[in-house]
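Asks: File name structure-v4.cif; file contents mmCIF, C-alpha atoms; full text below.
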```cif
data_start
loop_
_atom_site.label_atom_id
_atom_site.label_comp_id
_atom_site.auth_asym_id
_atom_site.auth_seq_id
_atom_site.Cartn_x
_atom_site.Cartn_y
_atom_site.Cartn_z
CA MET A 22 176.29 114.26 257.84
CA ASP A 23 177.75 112.76 254.66
CA ARG A 24 180.86 110.62 254.20
CA ARG A 25 183.03 113.60 253.19
CA GLU A 26 182.14 115.48 256.38
CA ILE A 27 182.79 112.45 258.54
CA LEU A 28 186.16 111.91 256.85
CA ASP A 29 187.16 115.51 257.63
CA GLU A 30 186.11 115.10 261.26
CA LEU A 31 187.78 111.70 261.50
CA LYS A 32 191.04 113.29 260.40
CA LYS A 33 190.93 115.45 263.54
CA VAL A 34 190.33 112.37 265.69
CA LEU A 35 193.32 110.61 264.09
CA THR A 36 195.72 113.57 264.28
CA PRO A 37 197.00 113.04 267.87
CA TYR A 38 197.70 109.37 267.11
CA THR A 39 199.45 109.93 263.77
CA GLU A 40 203.12 110.66 264.36
CA ASN A 41 203.83 111.84 260.81
CA LYS A 42 201.13 114.50 260.26
CA GLU A 43 202.00 114.73 256.54
CA LEU A 44 200.46 111.28 256.07
CA LEU A 45 197.05 112.76 256.97
CA ALA A 46 197.07 115.04 253.91
CA GLY A 47 196.70 112.14 251.47
CA ILE A 48 193.95 110.36 253.41
CA THR A 49 191.25 108.53 251.37
CA GLU A 50 188.62 105.90 252.16
CA GLN A 51 191.19 103.25 251.21
CA THR A 52 193.73 104.46 253.79
CA ASN A 53 194.58 101.81 256.41
CA LEU A 54 195.19 103.22 259.90
CA ILE A 55 198.03 100.87 260.78
CA HIS A 56 199.75 100.26 257.45
CA ASP A 57 199.34 103.67 255.83
CA LEU A 58 199.12 106.11 258.76
CA LYS A 59 201.56 104.01 260.87
CA ILE A 60 199.29 104.30 263.91
CA ASN A 61 200.22 102.07 266.87
CA SER A 62 197.59 99.30 266.97
CA ALA A 63 197.28 99.78 270.74
CA ASN A 64 195.88 103.26 270.01
CA LEU A 65 192.94 101.97 267.93
CA VAL A 66 191.04 101.61 271.21
CA ASP A 67 191.68 105.29 272.04
CA ILE A 68 190.60 106.33 268.54
CA ILE A 69 187.34 104.40 268.92
CA ILE A 70 186.71 105.97 272.35
CA ASP A 71 187.41 109.46 270.95
CA ALA A 72 185.09 108.78 267.99
CA GLU A 73 182.36 107.66 270.40
CA SER A 74 182.44 110.92 272.32
CA LYS A 75 182.79 113.03 269.17
CA TYR A 76 179.70 111.48 267.51
CA ASP A 77 177.85 110.61 270.73
CA ILE A 78 177.58 106.95 269.70
CA GLU A 79 178.44 103.61 271.27
CA ILE A 80 180.65 101.19 269.36
CA ASP A 81 180.47 97.46 270.18
CA LEU A 82 183.32 94.95 269.88
CA ASP A 83 182.19 93.52 266.52
CA SER A 84 182.06 96.99 264.97
CA ALA A 85 185.32 98.04 266.62
CA GLU A 86 187.18 95.11 265.08
CA LYS A 87 186.22 96.37 261.60
CA MET A 88 187.62 99.86 262.16
CA THR A 89 191.06 99.38 260.62
CA ASP A 90 190.60 101.46 257.46
CA ILE A 91 188.87 104.78 256.80
CA LYS A 92 186.03 103.26 254.75
CA ASN A 93 185.04 100.87 257.54
CA CYS A 94 185.42 103.62 260.18
CA ILE A 95 182.97 105.83 258.25
CA ASP A 96 180.60 102.86 257.70
CA VAL A 97 180.51 102.10 261.44
CA ILE A 98 180.12 105.76 262.47
CA LEU A 99 177.28 106.31 259.95
CA GLU A 100 175.55 103.08 260.99
CA LYS A 101 175.69 103.97 264.69
CA MET A 102 174.56 107.57 264.04
CA ASN A 103 171.59 106.36 261.99
CA HIS A 104 170.78 103.76 264.61
CA LYS A 105 170.65 106.51 267.21
CA ALA A 106 168.44 108.85 265.09
CA MET B 11 193.50 91.70 301.85
CA TYR B 12 193.13 90.60 298.28
CA ASN B 13 196.35 88.57 298.00
CA ASP B 14 194.65 85.56 296.36
CA ILE B 15 195.07 87.33 293.04
CA LEU B 16 198.87 87.29 293.43
CA SER B 17 198.93 83.57 292.55
CA HIS B 18 197.83 84.57 289.02
CA LEU B 19 200.76 86.93 288.45
CA PRO B 20 203.16 85.48 285.86
CA TYR B 21 206.33 86.94 287.42
CA LYS B 22 208.90 84.97 289.40
CA SER B 23 211.31 85.82 292.22
CA SER B 24 213.62 88.63 291.11
CA PHE B 25 211.00 90.26 288.87
CA LEU B 26 207.91 89.98 291.08
CA PHE B 27 207.26 93.42 292.52
CA VAL B 28 204.01 93.00 294.48
CA ASP B 29 203.78 92.07 298.20
CA ASN B 30 200.19 92.93 299.12
CA ILE B 31 196.98 94.09 297.52
CA THR B 32 194.99 96.03 300.12
CA LEU B 33 192.13 97.29 297.90
CA LEU B 34 190.77 95.85 294.68
CA THR B 35 187.59 97.02 292.97
CA GLU B 36 186.49 97.39 289.34
CA ASP B 37 187.79 100.95 289.37
CA LYS B 38 190.71 101.01 291.76
CA VAL B 39 193.60 98.96 293.14
CA ILE B 40 195.99 99.72 296.00
CA GLY B 41 199.03 97.58 296.71
CA ASP B 42 202.49 97.73 298.24
CA TYR B 43 205.98 96.41 297.73
CA THR B 44 209.11 96.60 299.87
CA LEU B 45 212.32 96.87 297.87
CA LYS B 46 214.69 94.02 298.75
CA GLU B 47 218.09 95.24 299.91
CA ASP B 48 219.75 92.41 297.93
CA ALA B 49 217.81 93.04 294.70
CA PHE B 50 219.92 92.23 291.62
CA PHE B 51 219.97 95.77 290.26
CA TYR B 52 221.47 97.55 293.27
CA GLU B 53 224.96 96.11 292.81
CA ASP B 54 225.37 97.91 289.48
CA HIS B 55 222.90 100.82 289.87
CA PHE B 56 225.02 102.42 291.15
CA PRO B 57 228.23 100.79 292.47
CA GLY B 58 228.55 101.89 296.10
CA ASN B 59 225.41 104.04 295.77
CA PRO B 60 222.34 101.78 295.42
CA VAL B 61 219.27 103.59 294.01
CA THR B 62 216.16 101.93 292.57
CA PRO B 63 216.20 102.36 288.77
CA GLY B 64 213.35 104.38 287.25
CA VAL B 65 212.43 101.40 285.07
CA ILE B 66 211.95 99.29 288.22
CA VAL B 67 209.77 102.01 289.80
CA THR B 68 207.78 101.99 286.55
CA GLU B 69 207.57 98.17 286.63
CA ILE B 70 206.27 98.16 290.23
CA MET B 71 203.58 100.68 289.23
CA ALA B 72 202.64 98.57 286.18
CA GLN B 73 202.52 95.23 288.05
CA ILE B 74 200.27 96.54 290.85
CA GLY B 75 198.34 99.22 288.98
CA LEU B 76 197.83 97.60 285.60
CA VAL B 77 198.46 93.83 285.72
CA VAL B 78 196.66 93.07 289.01
CA LEU B 79 193.65 95.19 288.02
CA GLY B 80 193.75 93.78 284.48
CA ILE B 81 193.67 90.16 285.73
CA TYR B 82 190.78 91.07 288.03
CA LEU B 83 188.76 92.74 285.24
CA VAL B 84 189.42 89.96 282.71
CA GLY B 85 188.30 87.47 285.38
CA LEU B 86 185.04 89.40 285.88
CA SER B 87 184.17 89.30 282.18
CA PRO B 88 186.08 86.50 280.47
CA GLY B 89 185.93 87.16 276.75
CA GLU B 90 188.20 85.38 274.31
CA PHE B 91 190.10 83.56 277.08
CA ALA B 92 190.18 83.11 280.83
CA VAL B 93 193.04 83.73 283.24
CA THR B 94 193.59 80.28 284.79
CA PRO B 95 196.74 78.40 285.81
CA GLY B 96 196.39 76.06 282.81
CA ASN B 97 195.85 78.86 280.33
CA LYS B 98 199.04 80.57 279.23
CA TRP B 99 198.82 84.33 279.01
CA MET B 100 200.97 87.37 279.51
CA PRO B 101 200.54 91.06 280.21
CA LEU B 102 201.60 93.46 277.45
CA LEU B 103 202.49 97.03 278.28
CA ALA B 104 201.14 99.49 275.68
CA SER B 105 202.22 102.90 277.01
CA THR B 106 203.64 104.73 280.00
CA ASP B 107 203.98 108.42 280.74
CA VAL B 108 205.61 108.80 284.15
CA ALA B 109 206.99 111.71 286.15
CA PHE B 110 209.37 110.98 289.04
CA TYR B 111 209.34 113.06 292.23
CA LYS B 112 211.92 111.37 294.46
CA MET B 113 214.36 108.45 294.72
CA VAL B 114 213.54 105.03 296.17
CA LEU B 115 216.28 103.46 298.30
CA PRO B 116 216.86 99.77 299.17
CA GLY B 117 214.47 98.51 301.87
CA GLU B 118 211.84 101.20 301.30
CA LYS B 119 208.17 100.27 301.28
CA VAL B 120 206.22 101.86 298.45
CA THR B 121 202.44 102.02 297.96
CA VAL B 122 200.85 102.09 294.51
CA ILE B 123 197.38 103.56 293.94
CA SER B 124 195.82 103.01 290.54
CA THR B 125 192.55 104.48 289.26
CA LYS B 126 190.97 103.09 286.11
CA GLN B 127 190.39 105.50 283.24
CA TYR B 128 188.85 102.85 281.00
CA PHE B 129 188.79 99.13 280.25
CA ARG B 130 187.54 98.68 276.68
CA PHE B 131 188.18 95.99 274.08
CA GLY B 132 190.75 94.41 276.38
CA LYS B 133 192.79 97.58 276.86
CA LEU B 134 193.18 98.90 280.39
CA LYS B 135 194.28 102.50 280.93
CA CYS B 136 194.97 103.81 284.44
CA ARG B 137 196.19 106.84 286.31
CA ILE B 138 198.82 105.45 288.71
CA GLU B 139 200.65 107.03 291.65
CA MET B 140 203.40 105.65 293.89
CA HIS B 141 203.82 107.03 297.43
CA ASP B 142 206.47 106.44 300.08
CA ALA B 143 205.77 105.40 303.70
CA ALA B 144 205.11 109.04 304.62
CA GLY B 145 202.55 109.41 301.83
CA GLU B 146 204.81 111.64 299.75
CA PRO B 147 204.63 111.11 295.97
CA ILE B 148 207.47 109.14 294.37
CA ALA B 149 206.04 108.92 290.86
CA LYS B 150 202.82 109.65 288.97
CA GLY B 151 201.77 108.61 285.52
CA VAL B 152 199.34 107.18 283.00
CA PHE B 153 199.76 103.54 281.94
CA SER B 154 197.98 101.27 279.48
CA GLY B 155 198.24 97.65 278.51
CA PHE B 156 196.57 94.40 277.48
CA VAL B 157 196.35 90.84 278.80
CA ARG B 158 197.02 88.42 275.95
CA PRO B 159 197.15 84.67 275.43
CA SER B 160 200.66 83.34 274.87
CA GLY B 161 202.44 80.15 274.07
CA PRO B 162 202.00 77.50 271.37
CA GLY B 163 198.55 76.27 270.44
CA ILE B 164 196.81 79.52 271.26
CA ALA B 165 195.71 81.83 268.47
CA GLY B 166 197.66 85.06 268.19
CA ALA B 167 196.51 88.30 269.70
CA LYS B 168 193.77 90.17 267.93
CA GLN B 169 194.38 93.71 266.82
CA ILE B 170 191.84 95.07 269.28
#
```
For the structure just supplied, provide its representation as structure tokens.
Replies:
Amino acid sequence: MDRREILDELKKVLTPYTENKELLAGITEQTNLIHDLKINSANLVDIIIDAESKYDIEIDLDSAEKMTDIKNCIDVILEKMNHKA
Amino acid sequence: MYNDILSHLPYKSSFLFVDNITLLTEDKVIGDYTLKEDAFFYEDHFPGNPVTPGVIVTEIMAQIGLVVLGIYLVGLSPGEFAVTPGNKWMPLLASTDVAFYKMVLPGEKVTVISTKQYFRFGKLKCRIEMHDAAGEPIAKGVFSGFVRPSGPGIAGAKQI
């Protein structure tokens, strides 16, 4: 799975937590979940848990703390998927 | 009885809504509270017709179902800080989604049953129900929250 595919999948994970769905259309690797998508920081935990079940991976606290923008989310997901393989 | 944990609750007098904890495990907590007939909110809610406000019902569910279990879980695996009398901290409510089934009148004893959905990265999410003395549902909902350090000299809360 490449970065583009993960970004498309990630968008689906983020959709229920993004109040203004129009913000998802302009998503790039530079997009910050809290500042750009206006996601409630309390929901980052739910996003990480949803990503874990979607990709069948386990995300530790150190990795979770990095997952505030799309680039870092994709980095962590790829790293954990490769680690599993 | 698991009432030792009540000494860790940060609430005082008129806003402490826990009398007893009768079950406390890593996955579940059961507790009860009897509404005081002279509670401050009955005089105005409503004049001549005292009914427990929905926000108070929600608060009782959160204190027993989320805060008590949260203190217990943080105590089992102290991470960035520990819950001790000398360590200032406070519970933060993150979300509630509650449905109400019936009114609670002054003097009623209510029982709260909370089942953990997850406790990850400091966030506790629970399915919580409140029942009356006959076991009939008063309210049901899903709650989430954090326990965070507070006060001067302690670093601010992390994002996760």
Asks: I'd like to know which of B:Ala104, B:Ile148, B:Leu19, B:Met11 is closest to chain A, using all atoms listed in the file.
Replies: B:Ala104
Asks: Which residues of chain B are close to chain A, meaning at most 10 Å apart when you count all atoms listed in the file, and how do they look as JSON, numbers by chain?
Replies: {"B": [103, 104, 105, 128, 129, 130, 131, 132, 133, 134, 135, 154, 155, 156, 168, 169, 170]}
Asks: Considering only C-alpha atoms, return as number ranges by chain whatever protein or nucleic-acid residues lie within 10 Å of A:Ile95, sequence-local ones (same chain, fewer than 6 positions apart) excluded.
Replies: A: 23-28, 31, 50, 88, 101
Asks: Now that the selection is made, can you save its residues with C-alpha atoms as a CSV table (one decimal), keeping the file's coordinate frame?
Replies:
```csv
chain,number,residue,atom,x,y,z
A,23,ASP,CA,177.8,112.8,254.7
A,24,ARG,CA,180.9,110.6,254.2
A,25,ARG,CA,183.0,113.6,253.2
A,26,GLU,CA,182.1,115.5,256.4
A,27,ILE,CA,182.8,112.4,258.5
A,28,LEU,CA,186.2,111.9,256.8
A,31,LEU,CA,187.8,111.7,261.5
A,50,GLU,CA,188.6,105.9,252.2
A,88,MET,CA,187.6,99.9,262.2
A,101,LYS,CA,175.7,104.0,264.7
```
Asks: One number please: atom CA of B:Leu26 to atom CA of B:Phe153, in Å, one decimal.
Replies: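 Atom CA of B:Leu26 sits 18.3 Å away from atom CA of B:Phe153.
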Asks: Could you state which residues are captured by the PyMOL selection byres ((chain B and resi 64) around 10) in this file, as a PyMOL selection string?
Replies: chain B and resi 61-63+65-70+108-110+113-114+149
Asks: Find, counting only C-alpha atoms, the residue in B:Lys126, B:Arg137, B:Lys98, B:Lys119 that gets nearest to B:Phe27.
Replies: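 For B:Phe27, the nearest of the given residues is B:Lys119.
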Asks: For the file shown, report as a ChimeraX atom specification the outcome of the PyMOL selection byres ((chain B and resi 30) around 7) at residue level.
Replies: /B:13,28-29,31-32,41-43
Asks: So how far away is atom CA of B:His141 from atom CA of B:Thr121, in Å?
Replies: 5.2 Å
Asks: Between atom CA of A:Lys42 and atom CA of A:Ile60, measure the distance and give it in Å to one decimal.
Replies: 11.0 Å
Asks: For the file shown, report as a list in words the outcome of the PyMOL selection byres ((chain A and resi 72) around 10) at residue level.
Replies: Glu30, Leu31, Lys33, Val34, Leu35, Val66, Asp67, Ile68, Ile69, Ile70, Asp71, Glu73, Ser74, Lys75, Tyr76, Asp77, Ile78, Glu79, Ile80, Cys94 and Ile98 of chain A
Asks: Would you please work out which residue, of B:His55, B:Lys22, B:Lys38, B:Lys112, is nearest to B:Leu76 when using all atoms listed in the file?
Replies: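 Residue with the minimum atom-to-atom distance to B:Leu76: B:Lys38.
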Asks: For B:Gly151, which residue among B:Asp37, B:Glu118, B:Asp107, B:Glu47 is the nearest when counting only C-alpha atoms?
Replies: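 So, comparing all the options, the nearest one is B:Asp107.
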Asks: Closest to B:Pro159 among B:Met100, B:Leu45, B:Leu83, B:Met71, using only C-alpha atoms?
Replies: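 Ranking B:Met100, B:Leu45, B:Leu83, B:Met71 by distance to B:Pro159, first place goes to B:Met100.
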Asks: When distances are computed from only C-alpha atoms, which of A:Ser84, A:Thr36, A:Asp29, A:Ile91 shows the smallest separation from A:Thr49?
Replies: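 Checking each candidate against A:Thr49, we get A:Ile91 as the closest.
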Asks: For A:Asn53, find every residue with an atom within 9 Å (counting all atoms listed in the file), except residues of its own chain fewer than 4 positions away, and show them as a list in words.
Replies: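 Listed by chain and then number, they are Asp57, Leu58, Lys59, Thr89, Asp90, Ile91 and Lys92 of chain A.
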